[in-house]
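In what follows, a structure is listed as structure tokens, so that the remarks can point back to it.
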Amino acid sequence: MVEEVALTDADVPAWWPGLYDVHVHFLPPNVQAKVWAQFDRAGPKIGREWPISYRGSEEERVDQLRALGVRRFGALPYAHRPGIAGYLNDWARGFAERVPEALWSATLYPEPEAATYVPELIAGGVEVFKVHVQVGEFHLDDPLLDGVWAAIADAGTPVVVHAGSGPVGNAFTGPEPLRRVLERHPLLTAVVAHMGAPEYVEFLELAERHERTYLDTTMMFTDFFDAAAPYPSELFPRLADLADKVLLGSDFPTIPYPYAHQLEGLTRLGERHPGLGEDWLRAVCWENPVRLLGDPL
Ligand SMILES: [Zn+2]
């Protein structure tokens with residue numbers, strides 16, 4: 001499981017003034033076990049060997065993030081079918097109440113009840129939503145979500161969207177549905193997970209075009225992702241220009257390498273393009289998420 005890396009988890013806490021990781025998952029234990037079983041089987045939505053590095057108890061995983069100096073993190077639940085968002089959201093609210101570093105996170109699904117529970121979550125102060133199109137198999141521009149996107153756009157609450165076709169695409173993935181949602185709701189705060197892998201250029205264009213569309217770094221520039229869906233180096237100058245629109249994400253705990261390797265991948269970018277050096281990295285790992293989601297210090 002452990003690859004040879006120059007940077008180890010023990011080195012990570014030295015990062016300034018800490019890390020702000022928008023893309024971390026915490027799920028109810030029974031749901032987490034089912035998700036990990038999919039990864040262990042390299043199930044149809046995974047498509048490859050995916051040995052998980054951090055599969056301790058919830059408490060152990062929280063402690064691991066603290067030891068890494070992750071000062072604030074998303075706790076992104078995601079609904080894979082109708083009727084489950086309420087359960088996941090109740091659990092995630094409790095998690096955020098008992099773990100002060102966790103953002104209060106919630107999910108939604110195209111179902112009539114979303115028109116009720118989403119505004120209630122917004123009124124309560126939910127901090128981030130997550131939707132997973134590849135797993136949930138729904139269209140982002142499903143008519144059942146139109147009013148939901150309007151409410152979220154008005155509130156300014158960020159939505160982390162797994163819309164890219166990685167690791168295994170289906171009829172619901174790709175940039176077009178998000179493009180249509182953003183045309184209707186141009187002020188929606190959308191965070192494109194995995195920089196939209198593998199449709200990098202299309203999602204980069206969306207982030208360039210829309211004031212509140214961001215990209216997260218989840219699994220990007222790791223050896224694991226570089227082998228499967230390498231980021232085109234000709235896009236580096238545009239990624240550098242987007243310095244205030246890129247957010248640290250890791251996918252902890254369901255990653256097949258040590259956490260430090262995510263940071264190592266980002267650090268290596270500075271050797272490949274001068275605009276992706278230390279200043280860019282500090283913005284990505286701290287300043288941008290602080291501006292978007294609030295300062296935890
Ligand atoms: Zn994820």
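Residues are referred to by chain and number: the chain letter is A, B, ... according to the order shown in the structure tokens, the number counts from 1 in that chain, and ligands are numbered separately from 1 in the order shown.
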
Distance filter 12 Å around ligand 1, atoms: only C-alpha atoms and all ligand atoms, out as a PyMOL selection string: chain A and resi 21-27+35+74-78+130-135+160-164+166-167+191-196+216-220+249-255

Strand (DSSP E or B) per DSSP on the backbone: members of stretch 142-204 of chain A, as number ranges by chain: A: 159-162, 190-192

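Every protein, DNA or RNA residue with an atom at most 12 Å from A:Leu144, where only C-alpha atoms count and chain neighbours fewer than 5 positions away do not, is listed here: A:Pro82, A:Leu108, A:Tyr109, A:Pro110, A:Glu111, A:Pro112, A:Glu113, A:Ala114, A:Ala115, A:Thr116, A:Phe138, A:His139, A:Trp149, A:Ala150.
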
Exercise: A:Leu292 partners within 10 Å, only C-alpha atoms, chain neighbours under 3 positions left out, as a tab-separated table (two decimals) with N, CA and C atoms, in the first residue's frame:
chain	number	residue	atom	x	y	z
A	156	GLY	N	-25.50	31.26	-1.17
A	156	GLY	CA	-24.04	31.29	-1.34
A	156	GLY	C	-23.33	30.10	-0.72
A	157	THR	N	-24.09	29.07	-0.37
A	157	THR	CA	-23.47	27.88	0.23
A	157	THR	C	-22.73	27.08	-0.84
A	158	PRO	N	-21.46	26.76	-0.62
A	158	PRO	CA	-20.74	25.98	-1.64
A	158	PRO	C	-21.30	24.55	-1.78
A	189	THR	N	-22.39	28.67	-6.12
A	189	THR	CA	-21.01	28.41	-5.71
A	189	THR	C	-20.74	26.91	-5.85
A	212	ARG	N	-18.20	32.13	-9.38
A	212	ARG	CA	-18.23	31.33	-8.16
A	212	ARG	C	-18.04	29.84	-8.42
A	214	TYR	N	-15.35	26.87	-8.61
A	214	TYR	CA	-14.01	26.55	-8.11
A	214	TYR	C	-13.63	25.13	-8.55
A	245	LYS	N	-9.07	30.28	-7.21
A	245	LYS	CA	-10.26	29.44	-7.43
A	245	LYS	C	-9.98	27.95	-7.24
A	247	LEU	N	-9.00	24.82	-4.55
A	247	LEU	CA	-9.12	24.50	-3.12
A	247	LEU	C	-8.52	23.13	-2.85
A	287	GLU	N	-5.61	29.89	2.12
A	287	GLU	CA	-6.27	31.20	1.94
A	287	GLU	C	-7.59	31.10	1.19
A	288	ASN	N	-7.63	30.31	0.13
A	288	ASN	CA	-8.88	30.22	-0.65
A	288	ASN	C	-10.02	29.58	0.14
A	289	PRO	N	-9.77	28.42	0.80
A	289	PRO	CA	-10.87	27.87	1.61
A	289	PRO	C	-11.27	28.76	2.77
A	295	ASP	N	-12.80	31.43	8.48
A	295	ASP	CA	-11.50	31.22	9.13
A	295	ASP	C	-11.69	30.44	10.42

Atom CA of A:Arg41 to atom CA of A:Leu266, distance in Å rounded to a single decimal: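 It comes out at 29.0 Å.
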
Shell around A:Ala96 at 12 Å using only C-alpha atoms, local window under 5 positions removed, as a PyMOL selection string: chain A and resi 26-27+62+72-77+89-91+101-106+125-128
